[in-house]
>>> print(open('work.txt').read())   # compact mmCIF, N, CA and C atoms
# COMPACT_ATOMS: atom_id res chain seq x y z
N VAL A 137 91.70 79.06 97.50
CA VAL A 137 91.56 80.40 96.99
C VAL A 137 92.90 80.86 96.43
N GLN A 138 92.84 81.49 95.25
CA GLN A 138 94.04 82.06 94.64
C GLN A 138 93.88 83.58 94.60
N LEU A 139 94.95 84.28 94.92
CA LEU A 139 94.93 85.74 94.96
C LEU A 139 96.00 86.29 94.01
N GLN A 140 95.59 87.22 93.17
CA GLN A 140 96.51 87.84 92.22
C GLN A 140 96.49 89.34 92.44
N ALA A 141 97.61 89.84 92.96
CA ALA A 141 97.71 91.27 93.25
C ALA A 141 98.40 92.00 92.11
N SER A 142 98.05 93.26 91.94
CA SER A 142 98.68 94.10 90.93
C SER A 142 98.56 95.56 91.33
N GLY A 143 99.32 96.41 90.63
CA GLY A 143 99.17 97.84 90.83
C GLY A 143 100.31 98.52 91.55
N GLY A 144 101.30 97.79 92.00
CA GLY A 144 102.43 98.42 92.66
C GLY A 144 103.28 99.19 91.67
N GLY A 145 104.27 99.92 92.21
CA GLY A 145 105.16 100.66 91.34
C GLY A 145 105.93 101.70 92.11
N LEU A 146 106.53 102.61 91.34
CA LEU A 146 107.34 103.69 91.90
C LEU A 146 106.57 105.00 91.76
N VAL A 147 106.50 105.74 92.85
CA VAL A 147 105.77 107.01 92.84
C VAL A 147 106.50 108.00 93.74
N GLN A 148 106.37 109.27 93.43
CA GLN A 148 106.96 110.30 94.27
C GLN A 148 106.10 110.53 95.51
N ALA A 149 106.74 111.02 96.56
CA ALA A 149 106.01 111.36 97.78
C ALA A 149 104.88 112.33 97.45
N GLY A 150 103.73 112.07 98.05
CA GLY A 150 102.55 112.87 97.78
C GLY A 150 101.67 112.31 96.68
N GLY A 151 102.18 111.34 95.96
CA GLY A 151 101.44 110.74 94.86
C GLY A 151 100.48 109.66 95.31
N SER A 152 99.86 109.01 94.32
CA SER A 152 98.85 108.00 94.60
C SER A 152 99.11 106.74 93.79
N LEU A 153 98.65 105.63 94.33
CA LEU A 153 98.64 104.35 93.64
C LEU A 153 97.39 103.59 94.06
N ARG A 154 96.93 102.70 93.19
CA ARG A 154 95.83 101.83 93.56
C ARG A 154 96.24 100.38 93.34
N LEU A 155 96.15 99.62 94.39
CA LEU A 155 96.43 98.20 94.32
C LEU A 155 95.12 97.44 94.12
N SER A 156 95.21 96.35 93.37
CA SER A 156 94.06 95.48 93.15
C SER A 156 94.45 94.05 93.50
N CYS A 157 93.47 93.29 93.93
CA CYS A 157 93.71 91.88 94.22
C CYS A 157 92.47 91.11 93.82
N ALA A 158 92.65 90.23 92.84
CA ALA A 158 91.54 89.42 92.34
C ALA A 158 91.60 88.04 92.96
N ALA A 159 90.49 87.59 93.50
CA ALA A 159 90.39 86.27 94.11
C ALA A 159 89.66 85.32 93.17
N SER A 160 90.09 84.07 93.19
CA SER A 160 89.43 83.08 92.36
C SER A 160 89.40 81.75 93.10
N GLY A 161 88.53 80.88 92.65
CA GLY A 161 88.47 79.54 93.20
C GLY A 161 87.75 79.42 94.51
N THR A 162 86.89 80.40 94.83
CA THR A 162 86.24 80.35 96.11
C THR A 162 85.00 81.24 96.12
N ILE A 163 84.27 81.18 97.23
CA ILE A 163 83.14 82.08 97.43
C ILE A 163 83.66 83.32 98.15
N PHE A 164 83.72 84.41 97.44
CA PHE A 164 84.38 85.63 97.92
C PHE A 164 83.77 86.13 99.22
N SER A 165 82.48 86.00 99.35
CA SER A 165 81.81 86.56 100.52
C SER A 165 82.15 85.81 101.82
N ASN A 166 82.79 84.67 101.71
CA ASN A 166 83.20 83.93 102.90
C ASN A 166 84.52 84.42 103.49
N TYR A 167 85.06 85.49 102.91
CA TYR A 167 86.38 85.96 103.31
C TYR A 167 86.37 87.42 103.70
N ARG A 168 87.07 87.69 104.80
CA ARG A 168 87.45 89.06 105.10
C ARG A 168 88.71 89.31 104.29
N MET A 169 88.77 90.41 103.56
CA MET A 169 89.90 90.73 102.71
C MET A 169 90.74 91.82 103.35
N GLY A 170 92.04 91.78 103.05
CA GLY A 170 92.90 92.79 103.65
C GLY A 170 94.19 92.98 102.88
N TRP A 171 94.88 94.02 103.27
CA TRP A 171 96.21 94.30 102.75
C TRP A 171 97.18 94.40 103.93
N TYR A 172 98.33 93.79 103.76
CA TYR A 172 99.42 93.86 104.72
C TYR A 172 100.65 94.34 103.97
N ARG A 173 101.65 94.78 104.71
CA ARG A 173 102.90 95.19 104.06
C ARG A 173 104.10 94.76 104.91
N GLN A 174 105.21 94.64 104.22
CA GLN A 174 106.42 94.17 104.90
C GLN A 174 107.64 94.82 104.29
N THR A 175 108.55 95.26 105.15
CA THR A 175 109.84 95.78 104.72
C THR A 175 110.92 94.84 105.24
N PRO A 176 112.10 94.86 104.62
CA PRO A 176 113.17 93.93 105.01
C PRO A 176 113.50 94.03 106.50
N GLY A 177 113.56 92.88 107.14
CA GLY A 177 113.93 92.83 108.54
C GLY A 177 112.80 93.10 109.50
N LYS A 178 111.62 93.36 108.99
CA LYS A 178 110.48 93.65 109.86
C LYS A 178 109.36 92.65 109.63
N GLN A 179 108.49 92.54 110.63
CA GLN A 179 107.34 91.66 110.49
C GLN A 179 106.31 92.28 109.56
N ARG A 180 105.54 91.40 108.96
CA ARG A 180 104.45 91.86 108.13
C ARG A 180 103.42 92.56 109.02
N GLU A 181 102.94 93.72 108.57
CA GLU A 181 102.01 94.48 109.38
C GLU A 181 100.70 94.73 108.64
N LEU A 182 99.65 94.83 109.42
CA LEU A 182 98.34 95.11 108.86
C LEU A 182 98.29 96.53 108.31
N VAL A 183 97.69 96.67 107.13
CA VAL A 183 97.42 97.99 106.57
C VAL A 183 95.93 98.30 106.67
N ALA A 184 95.11 97.40 106.15
CA ALA A 184 93.67 97.62 106.17
C ALA A 184 92.93 96.33 105.89
N THR A 185 91.71 96.23 106.43
CA THR A 185 90.86 95.08 106.14
C THR A 185 89.45 95.55 105.83
N VAL A 186 88.72 94.69 105.13
CA VAL A 186 87.31 94.98 104.83
C VAL A 186 86.53 93.68 104.86
N THR A 187 85.41 93.69 105.57
CA THR A 187 84.57 92.50 105.64
C THR A 187 83.68 92.41 104.41
N SER A 188 82.99 91.30 104.27
CA SER A 188 82.10 91.15 103.12
C SER A 188 80.96 92.15 103.18
N GLY A 189 80.64 92.62 104.37
CA GLY A 189 79.60 93.62 104.51
C GLY A 189 80.08 95.04 104.35
N GLY A 190 81.40 95.22 104.18
CA GLY A 190 81.94 96.55 103.94
C GLY A 190 82.53 97.26 105.15
N THR A 191 82.58 96.60 106.29
CA THR A 191 83.19 97.21 107.46
C THR A 191 84.70 97.24 107.30
N THR A 192 85.29 98.40 107.52
CA THR A 192 86.72 98.57 107.29
C THR A 192 87.48 98.82 108.59
N ASN A 193 88.76 98.52 108.53
CA ASN A 193 89.67 98.75 109.65
C ASN A 193 91.01 99.15 109.06
N TYR A 194 91.66 100.16 109.69
CA TYR A 194 92.92 100.68 109.16
C TYR A 194 93.98 100.77 110.25
N ALA A 195 95.22 100.60 109.83
CA ALA A 195 96.33 100.94 110.72
C ALA A 195 96.34 102.45 110.93
N ASP A 196 96.74 102.87 112.12
CA ASP A 196 96.75 104.30 112.41
C ASP A 196 97.62 105.07 111.42
N SER A 197 98.68 104.44 110.96
CA SER A 197 99.64 105.13 110.09
C SER A 197 99.07 105.45 108.71
N VAL A 198 97.97 104.83 108.33
CA VAL A 198 97.41 105.06 106.99
C VAL A 198 96.02 105.68 107.02
N LYS A 199 95.46 105.84 108.21
CA LYS A 199 94.11 106.42 108.30
C LYS A 199 94.07 107.80 107.67
N GLY A 200 93.04 108.02 106.87
CA GLY A 200 92.87 109.30 106.20
C GLY A 200 93.61 109.40 104.89
N ARG A 201 94.49 108.46 104.60
CA ARG A 201 95.25 108.47 103.34
C ARG A 201 94.91 107.27 102.44
N PHE A 202 94.67 106.13 103.05
CA PHE A 202 94.38 104.91 102.30
C PHE A 202 92.90 104.56 102.43
N THR A 203 92.36 103.96 101.37
CA THR A 203 90.98 103.48 101.40
C THR A 203 90.92 102.08 100.84
N ILE A 204 90.38 101.16 101.62
CA ILE A 204 90.19 99.80 101.14
C ILE A 204 88.74 99.64 100.73
N SER A 205 88.53 98.89 99.65
CA SER A 205 87.17 98.63 99.19
C SER A 205 87.15 97.27 98.50
N ARG A 206 85.96 96.75 98.32
CA ARG A 206 85.84 95.48 97.62
C ARG A 206 84.65 95.51 96.69
N ASP A 207 84.80 94.80 95.60
CA ASP A 207 83.73 94.65 94.62
C ASP A 207 83.37 93.18 94.64
N ASN A 208 82.32 92.83 95.35
CA ASN A 208 81.99 91.42 95.54
C ASN A 208 81.64 90.69 94.24
N PRO A 209 80.86 91.29 93.33
CA PRO A 209 80.60 90.58 92.06
C PRO A 209 81.85 90.31 91.25
N LYS A 210 82.88 91.17 91.41
CA LYS A 210 84.13 90.99 90.65
C LYS A 210 85.18 90.23 91.45
N ASN A 211 84.85 89.83 92.68
CA ASN A 211 85.81 89.11 93.54
C ASN A 211 87.13 89.85 93.66
N THR A 212 87.06 91.15 93.83
CA THR A 212 88.27 91.97 93.84
C THR A 212 88.26 92.92 95.02
N VAL A 213 89.43 93.10 95.60
CA VAL A 213 89.61 94.08 96.66
C VAL A 213 90.64 95.10 96.19
N TYR A 214 90.43 96.35 96.60
CA TYR A 214 91.29 97.44 96.17
C TYR A 214 91.89 98.15 97.39
N LEU A 215 93.04 98.78 97.15
CA LEU A 215 93.61 99.66 98.15
C LEU A 215 94.03 100.94 97.42
N GLN A 216 93.28 101.99 97.65
CA GLN A 216 93.61 103.30 97.10
C GLN A 216 94.54 103.99 98.09
N MET A 217 95.71 104.34 97.62
CA MET A 217 96.72 104.94 98.48
C MET A 217 97.01 106.36 98.00
N ASN A 218 96.68 107.33 98.81
CA ASN A 218 96.91 108.73 98.49
C ASN A 218 97.92 109.33 99.45
N SER A 219 98.45 110.48 99.08
CA SER A 219 99.42 111.19 99.94
C SER A 219 100.50 110.24 100.43
N LEU A 220 101.06 109.50 99.50
CA LEU A 220 102.05 108.49 99.87
C LEU A 220 103.31 109.12 100.44
N LYS A 221 103.91 108.40 101.39
CA LYS A 221 105.11 108.85 102.05
C LYS A 221 106.23 107.82 101.83
N PRO A 222 107.47 108.24 101.92
CA PRO A 222 108.57 107.26 101.77
C PRO A 222 108.45 106.09 102.73
N GLU A 223 107.90 106.31 103.90
CA GLU A 223 107.76 105.21 104.87
C GLU A 223 106.67 104.22 104.49
N ASP A 224 105.92 104.50 103.44
CA ASP A 224 104.95 103.54 102.92
C ASP A 224 105.62 102.53 102.00
N THR A 225 106.88 102.75 101.68
CA THR A 225 107.61 101.82 100.83
C THR A 225 107.66 100.44 101.46
N ALA A 226 107.21 99.43 100.72
CA ALA A 226 107.14 98.06 101.25
C ALA A 226 106.64 97.14 100.14
N VAL A 227 106.69 95.86 100.42
CA VAL A 227 105.98 94.89 99.60
C VAL A 227 104.59 94.73 100.22
N TYR A 228 103.58 94.91 99.42
CA TYR A 228 102.20 94.85 99.89
C TYR A 228 101.60 93.49 99.50
N TYR A 229 100.97 92.85 100.47
CA TYR A 229 100.40 91.53 100.28
C TYR A 229 98.89 91.58 100.47
N CYS A 230 98.19 90.94 99.55
CA CYS A 230 96.77 90.76 99.68
C CYS A 230 96.51 89.55 100.57
N ASN A 231 95.51 89.66 101.44
CA ASN A 231 95.18 88.58 102.36
C ASN A 231 93.69 88.28 102.28
N ALA A 232 93.38 86.99 102.34
CA ALA A 232 91.99 86.55 102.43
C ALA A 232 91.87 85.67 103.67
N ARG A 233 91.06 86.08 104.60
CA ARG A 233 90.84 85.29 105.81
C ARG A 233 89.45 84.68 105.78
N ARG A 234 89.41 83.36 105.72
CA ARG A 234 88.12 82.67 105.67
C ARG A 234 87.43 82.82 107.02
N ILE A 235 86.19 83.25 107.02
CA ILE A 235 85.51 83.57 108.26
C ILE A 235 84.59 82.47 108.74
N ILE A 236 84.49 81.39 107.95
CA ILE A 236 83.69 80.25 108.37
C ILE A 236 84.62 79.06 108.53
N THR A 237 84.17 78.06 109.27
CA THR A 237 85.00 76.88 109.52
C THR A 237 85.18 76.08 108.24
N PRO A 238 86.37 75.59 107.93
CA PRO A 238 87.62 75.84 108.64
C PRO A 238 88.20 77.21 108.29
N GLN A 239 88.67 77.90 109.32
CA GLN A 239 89.24 79.22 109.09
C GLN A 239 90.71 79.10 108.71
N PHE A 240 91.14 79.93 107.77
CA PHE A 240 92.55 79.98 107.37
C PHE A 240 92.82 81.27 106.64
N ASP A 241 94.10 81.54 106.46
CA ASP A 241 94.56 82.71 105.72
C ASP A 241 95.16 82.27 104.39
N ALA A 242 94.89 83.03 103.36
CA ALA A 242 95.54 82.86 102.06
C ALA A 242 96.21 84.18 101.71
N TRP A 243 97.33 84.06 100.98
CA TRP A 243 98.12 85.26 100.66
C TRP A 243 98.38 85.33 99.16
N GLY A 244 98.40 86.56 98.68
CA GLY A 244 98.83 86.80 97.31
C GLY A 244 100.35 86.86 97.25
N GLN A 245 100.87 87.11 96.04
CA GLN A 245 102.30 87.02 95.82
C GLN A 245 103.06 88.27 96.24
N GLY A 246 102.39 89.35 96.57
CA GLY A 246 103.09 90.57 96.95
C GLY A 246 103.38 91.46 95.76
N THR A 247 103.23 92.76 96.00
CA THR A 247 103.54 93.74 94.96
C THR A 247 104.33 94.88 95.60
N GLN A 248 105.40 95.28 94.94
CA GLN A 248 106.30 96.28 95.51
C GLN A 248 105.75 97.69 95.30
N VAL A 249 105.74 98.47 96.38
CA VAL A 249 105.40 99.88 96.32
C VAL A 249 106.63 100.65 96.81
N THR A 250 107.12 101.55 95.99
CA THR A 250 108.28 102.36 96.34
C THR A 250 107.91 103.83 96.22
N VAL A 251 108.10 104.57 97.31
CA VAL A 251 107.78 105.99 97.34
C VAL A 251 109.09 106.76 97.50
N SER A 252 109.41 107.56 96.52
CA SER A 252 110.65 108.32 96.56
C SER A 252 110.41 109.70 97.18
N SER A 253 111.42 110.20 97.86
CA SER A 253 111.28 111.50 98.53
C SER A 253 111.70 112.64 97.62
>>> encode(input="work.txt", output="structure tokens")
Amino acid sequence: VQLQASGGGLVQAGGSLRLSCAASGTIFSNYRMGWYRQTPGKQRELVATVTSGGTTNYADSVKGRFTISRDNPKNTVYLQMNSLKPEDTAVYYCNARRIITPQFDAWGQGTQVTVSS
């Protein structure tokens, strides 16, 4: 599976961005999709995930501000980020976790999100 993320950028606090991640080379419905983020010196952390059936899970820090969704026919997952805060600044990575055997994780290349105060 190949993942191509896009949509990062620079935004002022309180603003919005939408990240997209297109998957190719696989059966999209076999994967739980997610977004993670990482800042220098810290471990990569979960932001949000969505199953093929649409069940979502969010980190407490983004609940009520971020929305993850997926378009199965387009093999694409989105992360709508509203009310952005400077602490949301990070490199955001798209993740695909295969839910059938053999299970594995695939990662996109990362996209930078910078929120200025």
>>> atom_distance(input="work.txt", atom1="atom CA of Val137 of chain A", atom2="atom CA of Ser197 of chain A")
29.1 Å
>>> residues_around(input="work.txt", residues="Val183 of chain A", least_positions_apart="4", cutoff="7 Å", atoms="all atoms listed in the file", output="number ranges by chain")
A: 170-173, 193-195, 198
>>> write_last_selection(input="work.txt", atoms="N, CA and C atoms", output="CSV table (one decimal), keeping the file's coordinate frame")
chain,number,residue,atom,x,y,z
A,170,GLY,N,92.0,91.8,103.0
A,170,GLY,CA,92.9,92.8,103.6
A,170,GLY,C,94.2,93.0,102.9
A,171,TRP,N,94.9,94.0,103.3
A,171,TRP,CA,96.2,94.3,102.8
A,171,TRP,C,97.2,94.4,103.9
A,172,TYR,N,98.3,93.8,103.8
A,172,TYR,CA,99.4,93.9,104.7
A,172,TYR,C,100.6,94.3,104.0
A,173,ARG,N,101.6,94.8,104.7
A,173,ARG,CA,102.9,95.2,104.1
A,173,ARG,C,104.1,94.8,104.9
A,193,ASN,N,88.8,98.5,108.5
A,193,ASN,CA,89.7,98.8,109.6
A,193,ASN,C,91.0,99.2,109.1
A,194,TYR,N,91.7,100.2,109.7
A,194,TYR,CA,92.9,100.7,109.2
A,194,TYR,C,94.0,100.8,110.2
A,195,ALA,N,95.2,100.6,109.8
A,195,ALA,CA,96.3,100.9,110.7
A,195,ALA,C,96.3,102.4,110.9
A,198,VAL,N,98.0,104.8,108.3
A,198,VAL,CA,97.4,105.1,107.0
A,198,VAL,C,96.0,105.7,107.0
>>> residues_around(input="work.txt", residues="Ser165 of chain A", least_positions_apart="3", cutoff="12 Å", atoms="only C-alpha atoms", output="number ranges by chain")
A: 159-160, 162, 168-169, 186-190, 206-213, 232-236
>>> select_by_dssp(input="work.txt", residues="segment 157-225 of chain A", states="strand (DSSP E or B)", output="count of residues only")
33
>>> closest_residue(input="work.txt", among="A:Asp196, A:Thr185, A:Ser253, A:Leu215", to="Tyr167 of chain A", atoms="only C-alpha atoms")
A:Thr185
>>> atom_distance(input="work.txt", atom1="atom N of Thr225 of chain A", atom2="atom CA of Gly150 of chain A")
11.7 Å
>>> closest_residue(input="work.txt", among="A:Pro222, A:Gly161, A:Gly246, A:Pro238", to="Gln148 of chain A", atoms="all atoms listed in the file")
A:Pro222
>>> atom_distance(input="work.txt", atom1="atom CA of Glu181 of chain A", atom2="atom CA of Thr247 of chain A")
14.5 Å
